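Below is one structure, written out as structure tokens; comments come after it.
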Amino acid sequence: MEPVDTLILGPLVVTMDAGERILEAGAVAVRAGKIVAVGTHEELAGCDATETIDATGRLLMPGLVNAHTHLADSLFRSLVEELPLEAWLERLWISEREFVSRESVELGARLSLAEMLRSGTTCALDMFWFPEAAADAALGAGFRLVTGPIFFDFDGPDGVSVEDRTATGERWLERYAEEPLLTPCVQPHNALTVSPDGLRAARDLADRAGTLFHTHCSETATEVRQTIERFGHTPVAHLDELGILDARTVLAHCVHLDDDDFMRLRRAGAAVLHNPLSNLKLGSGIAPVARMLEEGIPVALGTDGPVSSNDLDMWTAMRFAGLLQRGVHMDPVITPALEIVRMATTVGAEALGLGDRVGRLAEGYRADLILIDLDRPHLTPMYDVYGHLVYTVGRDDVRSVMVDGRWVMRDRTLETIDEAAVLAEMEQLAVEIERHAARLEPA
Ligand SMILES: [Zn+2]
């Protein structure tokens, strides 16, 4: 084999490849950002490499895919608590209008990217104002991001009027079309905050640019009731009747579905982005994930933004995704751990249109991978690998992270984000955000 850039020797390799192979003493070779070989230590040990890493005693797996989040929400984490979704959003938007700017969104995004890289997430779908700020933060951090223009029926803090959203979005999609680490998408907020015309315009834009169409859907019972009152259909049926539900549609939440919704989702081939922590914390409910899986609806996993779940940790999301279905169905074998790991890797990547590039450790895939320490009390012994990944491993176990062949965290040190500077800048801004919030409280 030709010389490679990086050779990782000796770890337990969880490939998530087509055969979902687990290699006891495995090896992975990376050249020019791509995985060029996956095999055993013995097979690849003789390979000539610029850098060889002895990863014996560690676990190597694909980087995690956070399929639904709002990166710059980190600016406001824990600012608004103890309110139901609708009232909570209204209150949150007051602070957003005051403090959301191109600069603050980039700061919030860098903060969230640091948190995600530390916990082994290498790819995320982000929805927020100034998507160019998150895009630039991700490109600077060497992080794989799916993001793009958002749609609302009110003038947002980005200064873009409702009438200008499509034209602005079009320019945005052109600008970021050629970035290898960036996957553009189009994202209206939901069916209550964006009119049918707005939803159709967003869909047309996504079709013209050939991107994903991402929106919130059936998150709370209130949202479903109000959508029925206004349009005569549930949110899923509303999108379907507008002709914008298909295999390139990804729907965050889908907590409240009726039989007809299930049928429509199945027929459309749309993917659901499940966010168990946010749904629990906001009291939105528990998504019928076991039934979705049973019916063959692709379910990817996300954390939602750090104001609603307060956390961007995919390990916690995985654990809750598994535990919730078992508790609700009183069935200890429903949604097996492997199914949950798929949601956070292969299925997540497929849902975001990246299934041929990331989510697996396989030849020809981009090298998005994470190394996990196994020599820890809570991880010793390990009889069931997938069970460990879902129910035991935590973010502090992640040692090193590679995105597109580049180490972005090495031995727990972030290589592409000046973490101390980001934290200091955030602390400074937080003082102002808190002072403003205090003035809003009734005396
Ligand atoms: Zn969300």
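To be explicit about the labels: the chains of the structure tokens are called A, B, and onward in the order shown, and within each one the residues are counted from 1, while ligands get numbers from 1 in the order they are shown.
Taking only C-alpha atoms and all ligand atoms into account, ligand 1 has within 8 Å the residues His68, Thr69, His70, Met127, His216, Ala252, His253, Asp304 and Gly305 of chain A.
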Worksheet item: So which bits of range 24-249 of chain A end up helix (DSSP H, G or I) when you DSSP the backbone, as a PyMOL selection string?
Response: chain A and resi 41-44+71-76+85-99+102-118+131-141+162-175+196-209+221-231+235-241
Discussion item. Which residue is closest to Asn279 in chain A? Choose from A:Phe151, A:Phe320, A:Trp407, A:Phe143 and count only C-alpha atoms.
Written reply: A:Phe320
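When only C-alpha atoms are used to compute distances to Cys47 in chain A, the closest of the residues A:Asp397, A:Glu115, A:Glu24, A:Glu2 turns out to be A:Glu2.
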Practice prompt. Skip Val250 in chain A itself and residues of its chain fewer than 3 positions away, then list as a ChimeraX atom specification all residues within 9 Å of it, counting only C-alpha atoms.
Written response: /A:212-216,245-247,270-273,351-352
Go ahead and write the residues just picked, N, CA, C and O atoms, as an mmCIF file, in the first residue's frame.
```cif
data_model
loop_
_atom_site.group_PDB
_atom_site.id
_atom_site.type_symbol
_atom_site.label_atom_id
_atom_site.label_comp_id
_atom_site.auth_asym_id
_atom_site.auth_seq_id
_atom_site.Cartn_x
_atom_site.Cartn_y
_atom_site.Cartn_z
ATOM 1 N N LEU A 212 -31.206 19.612 1.459
ATOM 2 C CA LEU A 212 -32.177 19.103 2.431
ATOM 3 C C LEU A 212 -33.170 20.204 2.795
ATOM 4 O O LEU A 212 -32.851 21.390 2.714
ATOM 5 N N PHE A 213 -34.337 19.762 3.268
ATOM 6 C CA PHE A 213 -35.365 20.678 3.781
ATOM 7 C C PHE A 213 -35.614 20.263 5.225
ATOM 8 O O PHE A 213 -36.040 19.151 5.497
ATOM 9 N N HIS A 214 -35.306 21.170 6.163
ATOM 10 C CA HIS A 214 -35.297 20.828 7.594
ATOM 11 C C HIS A 214 -36.250 21.738 8.357
ATOM 12 O O HIS A 214 -36.166 22.954 8.220
ATOM 13 N N THR A 215 -37.154 21.153 9.134
ATOM 14 C CA THR A 215 -38.068 21.977 9.931
ATOM 15 C C THR A 215 -38.468 21.252 11.214
ATOM 16 O O THR A 215 -38.270 20.050 11.342
ATOM 17 N N HIS A 216 -38.992 22.021 12.178
ATOM 18 C CA HIS A 216 -39.554 21.421 13.400
ATOM 19 C C HIS A 216 -40.959 20.928 13.071
ATOM 20 O O HIS A 216 -41.692 21.594 12.336
ATOM 21 N N LEU A 245 -43.312 17.184 1.573
ATOM 22 C CA LEU A 245 -42.819 16.095 2.418
ATOM 23 C C LEU A 245 -42.276 14.995 1.508
ATOM 24 O O LEU A 245 -43.031 14.379 0.759
ATOM 25 N N ASP A 246 -40.967 14.788 1.527
ATOM 26 C CA ASP A 246 -40.403 13.696 0.722
ATOM 27 C C ASP A 246 -39.107 13.200 1.357
ATOM 28 O O ASP A 246 -38.804 13.528 2.510
ATOM 29 N N ALA A 247 -38.343 12.422 0.619
ATOM 30 C CA ALA A 247 -37.153 11.781 1.180
ATOM 31 C C ALA A 247 -36.033 12.781 1.485
ATOM 32 O O ALA A 247 -35.068 12.433 2.149
ATOM 33 N N ALA A 270 -39.488 10.452 4.579
ATOM 34 C CA ALA A 270 -38.854 11.521 5.365
ATOM 35 C C ALA A 270 -38.202 10.938 6.614
ATOM 36 O O ALA A 270 -38.650 9.916 7.137
ATOM 37 N N ALA A 271 -37.142 11.597 7.076
ATOM 38 C CA ALA A 271 -36.471 11.131 8.292
ATOM 39 C C ALA A 271 -36.894 11.988 9.481
ATOM 40 O O ALA A 271 -37.185 13.171 9.339
ATOM 41 N N VAL A 272 -36.927 11.351 10.658
ATOM 42 C CA VAL A 272 -37.258 12.046 11.896
ATOM 43 C C VAL A 272 -35.973 12.268 12.694
ATOM 44 O O VAL A 272 -35.121 11.386 12.771
ATOM 45 N N LEU A 273 -35.847 13.461 13.261
ATOM 46 C CA LEU A 273 -34.691 13.785 14.097
ATOM 47 C C LEU A 273 -35.183 13.828 15.546
ATOM 48 O O LEU A 273 -35.890 14.758 15.940
ATOM 49 N N ALA A 351 -29.566 10.554 7.078
ATOM 50 C CA ALA A 351 -30.657 11.537 7.160
ATOM 51 C C ALA A 351 -30.187 12.904 6.676
ATOM 52 O O ALA A 351 -30.942 13.645 6.061
ATOM 53 N N LEU A 352 -28.924 13.228 6.944
ATOM 54 C CA LEU A 352 -28.408 14.545 6.559
ATOM 55 C C LEU A 352 -27.834 14.552 5.143
ATOM 56 O O LEU A 352 -27.188 15.510 4.721
#
```
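When CA of Thr183 in chain A is paired with CA of Glu132 in chain A, their separation reads 12.1 Å.
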Worksheet item: Could you name the residues that touch Arg366 in chain A at 8 Å or less, counting only C-alpha atoms, but leaving out those on the same chain fewer than 2 positions away, as JSON, numbers by chain?
Response: {"A": [33, 34, 35, 357, 358, 364, 368, 403, 404, 405]}
Output C-alpha atoms of each residue in that selection to a file, as a compact mmCIF listing (two decimals), in the first residue's frame.
```txt
# COMPACT_ATOMS: atom_id res chain seq x y z
CA GLY A 33 -8.71 13.03 4.62
CA LYS A 34 -10.06 9.69 3.53
CA ILE A 35 -10.10 6.24 5.11
CA ARG A 357 -19.29 10.06 3.16
CA VAL A 358 -19.49 9.75 6.96
CA GLY A 364 -13.56 5.47 0.78
CA ASP A 368 -14.37 11.43 10.83
CA VAL A 403 -12.60 15.29 11.20
CA ASP A 404 -11.85 14.85 7.51
CA GLY A 405 -8.43 13.42 8.31
```
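Every protein, DNA or RNA residue with an atom at most 12 Å from Gly210 in chain A, where only C-alpha atoms count and chain neighbours fewer than 3 positions away do not, is listed here: Glu170, Leu173, Glu174, Ala177, Thr183, Pro184, Cys185, Val186, Ala202, Arg203, Asp204, Leu205, Ala206, Asp207, Phe213, Arg248, Thr249 and Gly353 of chain A.
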Same residues, all heavy atoms, output as a short mmCIF file (atom, residue, chain, number, x, y, z; two decimals), in the first residue's frame:
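Below is the file part-v2.cif, written as the result:
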```cif
data_model
loop_
_atom_site.label_atom_id
_atom_site.label_comp_id
_atom_site.auth_asym_id
_atom_site.auth_seq_id
_atom_site.Cartn_x
_atom_site.Cartn_y
_atom_site.Cartn_z
N GLU A 170 -30.91 32.29 -1.30
CA GLU A 170 -30.32 31.84 -2.56
C GLU A 170 -28.83 32.23 -2.63
O GLU A 170 -27.98 31.41 -2.99
CB GLU A 170 -31.08 32.51 -3.72
CG GLU A 170 -30.80 31.90 -5.06
CD GLU A 170 -32.09 31.48 -5.75
OE1 GLU A 170 -33.05 32.26 -5.73
OE2 GLU A 170 -32.12 30.35 -6.28
N LEU A 173 -26.77 30.05 -0.27
CA LEU A 173 -26.53 28.69 -0.77
C LEU A 173 -25.45 28.68 -1.85
O LEU A 173 -24.63 27.76 -1.92
CB LEU A 173 -27.83 28.08 -1.29
CG LEU A 173 -28.90 27.84 -0.23
CD1 LEU A 173 -30.21 27.45 -0.88
CD2 LEU A 173 -28.47 26.78 0.78
N GLU A 174 -25.42 29.73 -2.67
CA GLU A 174 -24.37 29.82 -3.69
C GLU A 174 -23.01 30.00 -3.05
O GLU A 174 -22.03 29.36 -3.42
CB GLU A 174 -24.64 31.00 -4.63
CG GLU A 174 -25.62 30.68 -5.74
CD GLU A 174 -26.12 31.93 -6.45
OE1 GLU A 174 -25.41 32.96 -6.44
OE2 GLU A 174 -27.24 31.87 -6.99
N ALA A 177 -21.70 26.70 -1.45
CA ALA A 177 -21.95 25.46 -2.19
C ALA A 177 -20.72 24.57 -2.31
O ALA A 177 -20.83 23.35 -2.36
CB ALA A 177 -22.49 25.79 -3.57
N THR A 183 -22.44 21.38 4.38
CA THR A 183 -23.56 20.90 3.56
C THR A 183 -24.72 21.86 3.74
O THR A 183 -25.28 21.96 4.84
CB THR A 183 -23.96 19.47 4.01
OG1 THR A 183 -22.81 18.63 3.92
CG2 THR A 183 -25.07 18.92 3.13
N PRO A 184 -25.05 22.62 2.71
CA PRO A 184 -26.13 23.60 2.86
C PRO A 184 -27.51 22.94 2.94
O PRO A 184 -27.74 21.88 2.34
CB PRO A 184 -26.03 24.44 1.58
CG PRO A 184 -24.75 24.08 0.94
CD PRO A 184 -24.45 22.68 1.37
N CYS A 185 -28.42 23.56 3.68
CA CYS A 185 -29.81 23.11 3.72
C CYS A 185 -30.71 24.33 3.88
O CYS A 185 -30.23 25.43 4.13
CB CYS A 185 -30.04 22.10 4.84
SG CYS A 185 -29.98 22.83 6.47
N VAL A 186 -32.01 24.12 3.72
CA VAL A 186 -32.98 25.21 3.86
C VAL A 186 -33.90 24.86 5.02
O VAL A 186 -34.37 23.73 5.13
CB VAL A 186 -33.80 25.37 2.55
CG1 VAL A 186 -34.90 26.39 2.72
CG2 VAL A 186 -32.87 25.78 1.41
N ALA A 202 -39.66 28.17 0.67
CA ALA A 202 -38.45 27.54 1.21
C ALA A 202 -38.19 26.20 0.51
O ALA A 202 -37.06 25.86 0.16
CB ALA A 202 -38.61 27.33 2.72
N ARG A 203 -39.28 25.47 0.28
CA ARG A 203 -39.14 24.17 -0.39
C ARG A 203 -38.61 24.34 -1.82
O ARG A 203 -37.73 23.62 -2.27
CB ARG A 203 -40.50 23.47 -0.40
CG ARG A 203 -40.52 22.14 -1.10
CD ARG A 203 -39.87 21.09 -0.22
NE ARG A 203 -38.91 20.31 -0.93
CZ ARG A 203 -38.44 19.14 -0.51
NH1 ARG A 203 -38.84 18.65 0.65
NH2 ARG A 203 -37.57 18.49 -1.19
N ASP A 204 -39.16 25.35 -2.53
CA ASP A 204 -38.70 25.62 -3.89
C ASP A 204 -37.21 25.94 -3.91
O ASP A 204 -36.47 25.47 -4.77
CB ASP A 204 -39.46 26.81 -4.51
CG ASP A 204 -40.89 26.42 -4.86
OD1 ASP A 204 -41.18 25.20 -4.86
OD2 ASP A 204 -41.71 27.32 -5.11
N LEU A 205 -36.81 26.74 -2.92
CA LEU A 205 -35.39 27.10 -2.83
C LEU A 205 -34.53 25.85 -2.61
O LEU A 205 -33.50 25.66 -3.27
CB LEU A 205 -35.19 28.10 -1.68
CG LEU A 205 -33.77 28.57 -1.42
CD1 LEU A 205 -33.20 29.28 -2.64
CD2 LEU A 205 -33.73 29.52 -0.21
N ALA A 206 -34.98 24.98 -1.70
CA ALA A 206 -34.24 23.74 -1.43
C ALA A 206 -34.17 22.88 -2.69
O ALA A 206 -33.12 22.30 -3.01
CB ALA A 206 -34.91 22.96 -0.29
N ASP A 207 -35.27 22.83 -3.44
CA ASP A 207 -35.29 22.02 -4.67
C ASP A 207 -34.34 22.57 -5.72
O ASP A 207 -33.61 21.83 -6.37
CB ASP A 207 -36.72 21.93 -5.23
CG ASP A 207 -37.61 21.05 -4.36
OD1 ASP A 207 -37.06 20.32 -3.51
OD2 ASP A 207 -38.84 21.11 -4.51
N PHE A 213 -34.34 19.76 3.27
CA PHE A 213 -35.37 20.68 3.78
C PHE A 213 -35.61 20.26 5.23
O PHE A 213 -36.04 19.15 5.50
CB PHE A 213 -36.62 20.53 2.93
CG PHE A 213 -37.77 21.40 3.34
CD1 PHE A 213 -37.85 22.71 2.91
CD2 PHE A 213 -38.80 20.89 4.13
CE1 PHE A 213 -38.93 23.51 3.26
CE2 PHE A 213 -39.88 21.69 4.49
CZ PHE A 213 -39.94 23.01 4.05
N ARG A 248 -36.16 14.02 0.99
CA ARG A 248 -35.15 15.02 1.34
C ARG A 248 -35.66 15.98 2.42
O ARG A 248 -35.11 17.04 2.65
CB ARG A 248 -34.68 15.77 0.10
CG ARG A 248 -33.67 14.92 -0.68
CD ARG A 248 -32.88 15.71 -1.71
NE ARG A 248 -33.75 16.22 -2.74
CZ ARG A 248 -34.00 17.53 -2.93
NH1 ARG A 248 -33.45 18.42 -2.16
NH2 ARG A 248 -34.80 17.91 -3.88
N THR A 249 -36.74 15.56 3.11
CA THR A 249 -37.28 16.34 4.23
C THR A 249 -36.83 15.69 5.54
O THR A 249 -36.96 14.48 5.70
CB THR A 249 -38.83 16.31 4.18
OG1 THR A 249 -39.25 16.72 2.89
CG2 THR A 249 -39.42 17.22 5.23
N GLY A 353 -28.05 13.45 4.42
CA GLY A 353 -27.58 13.39 3.04
C GLY A 353 -26.09 13.13 2.92
O GLY A 353 -25.48 13.37 1.89
#
```
Contact table range 67-99 of chain A vs range 437-441 of chain A, cut-off 10 Å, shortest pair per residue, only C-alpha atoms, as a tab-separated table:
```
residue	atom	partner	partner_atom	distance
A:Leu79	CA	A:Ala437	CA	7.9
A:Val80	CA	A:Ala437	CA	9.1
A:Arg91	CA	A:Leu440	CA	9.4
A:Leu92	CA	A:Ala437	CA	9.7
A:Ile94	CA	A:Ala437	CA	8.8
A:Ser95	CA	A:Ala437	CA	7.1
```
As a compact mmCIF listing (two decimals) with C-alpha atoms, in the first residue's frame, please: every residue in range 37-114 of chain A that DSSP puts in strand (DSSP E).
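The resulting file, result.txt, is reproduced below:
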```txt
# COMPACT_ATOMS: atom_id res chain seq x y z
CA ALA A 37 -7.94 0.85 4.77
CA VAL A 38 -9.74 -0.78 7.70
CA GLY A 39 -8.32 -4.09 8.89
CA THR A 40 -6.61 -5.92 11.68
CA ALA A 49 2.76 6.19 7.63
CA THR A 50 3.72 9.79 8.41
CA GLU A 51 2.15 9.34 11.85
CA THR A 52 1.48 6.05 13.59
CA ILE A 53 -0.69 6.03 16.70
CA ASP A 54 -0.64 3.15 19.14
CA ARG A 58 -8.85 2.21 23.18
CA LEU A 59 -12.01 2.10 21.11
CA LEU A 60 -12.17 3.66 17.65
CA MET A 61 -15.52 4.47 16.06
CA PRO A 62 -17.14 6.94 13.65
CA LEU A 64 -21.13 11.07 16.32
CA VAL A 65 -23.71 12.93 14.22
CA ASN A 66 -25.89 15.43 16.10
CA ALA A 67 -28.83 15.61 13.70
CA HIS A 68 -30.66 18.58 15.21
CA THR A 69 -29.33 21.51 17.19
```
Practice prompt. Identify, on the basis of only C-alpha atoms, every residue whose closest approach to Val289 in chain A does not exceed 12 Å; exclude the query and any residue fewer than 2 positions from it along the same chain; express the result as a PyMOL selection string.
Written response: chain A and resi 253-257+262+271-276+285-287+291-301+320-326+328-329+334-336+339-340+343
Discussion item. If we count only C-alpha atoms and set the cut-off at 10 Å, which residues sit around Ser195 in chain A, ignoring sequence neighbours fewer than 5 positions away in its own chain? Please answer as a VMD selection string.
Written reply: chain A and resid 151 to 153 188 190 200 to 201
Can you write just those residues out, C-alpha atoms, as a compact mmCIF listing (two decimals), in the first residue's frame?
```txt
# COMPACT_ATOMS: atom_id res chain seq x y z
CA PHE A 151 -37.32 31.11 7.39
CA PHE A 152 -39.68 32.90 9.82
CA ASP A 153 -42.72 35.06 9.17
CA PRO A 188 -38.16 27.10 7.94
CA ASN A 190 -42.20 25.33 11.74
CA ARG A 200 -43.51 26.49 -0.30
CA ALA A 201 -40.98 29.20 -1.09
```
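Of the listed residues A:Arg399, A:Arg266, A:His378, A:Arg102, the one whose atoms come nearest to Trp129 in chain A is A:Arg102, with distances taken using only C-alpha atoms.
Distances here use only C-alpha atoms; by that measure, the residue among A:Gly394, A:Pro131, A:Gly108, A:Pro84 closest to Asp313 in chain A is A:Gly394.
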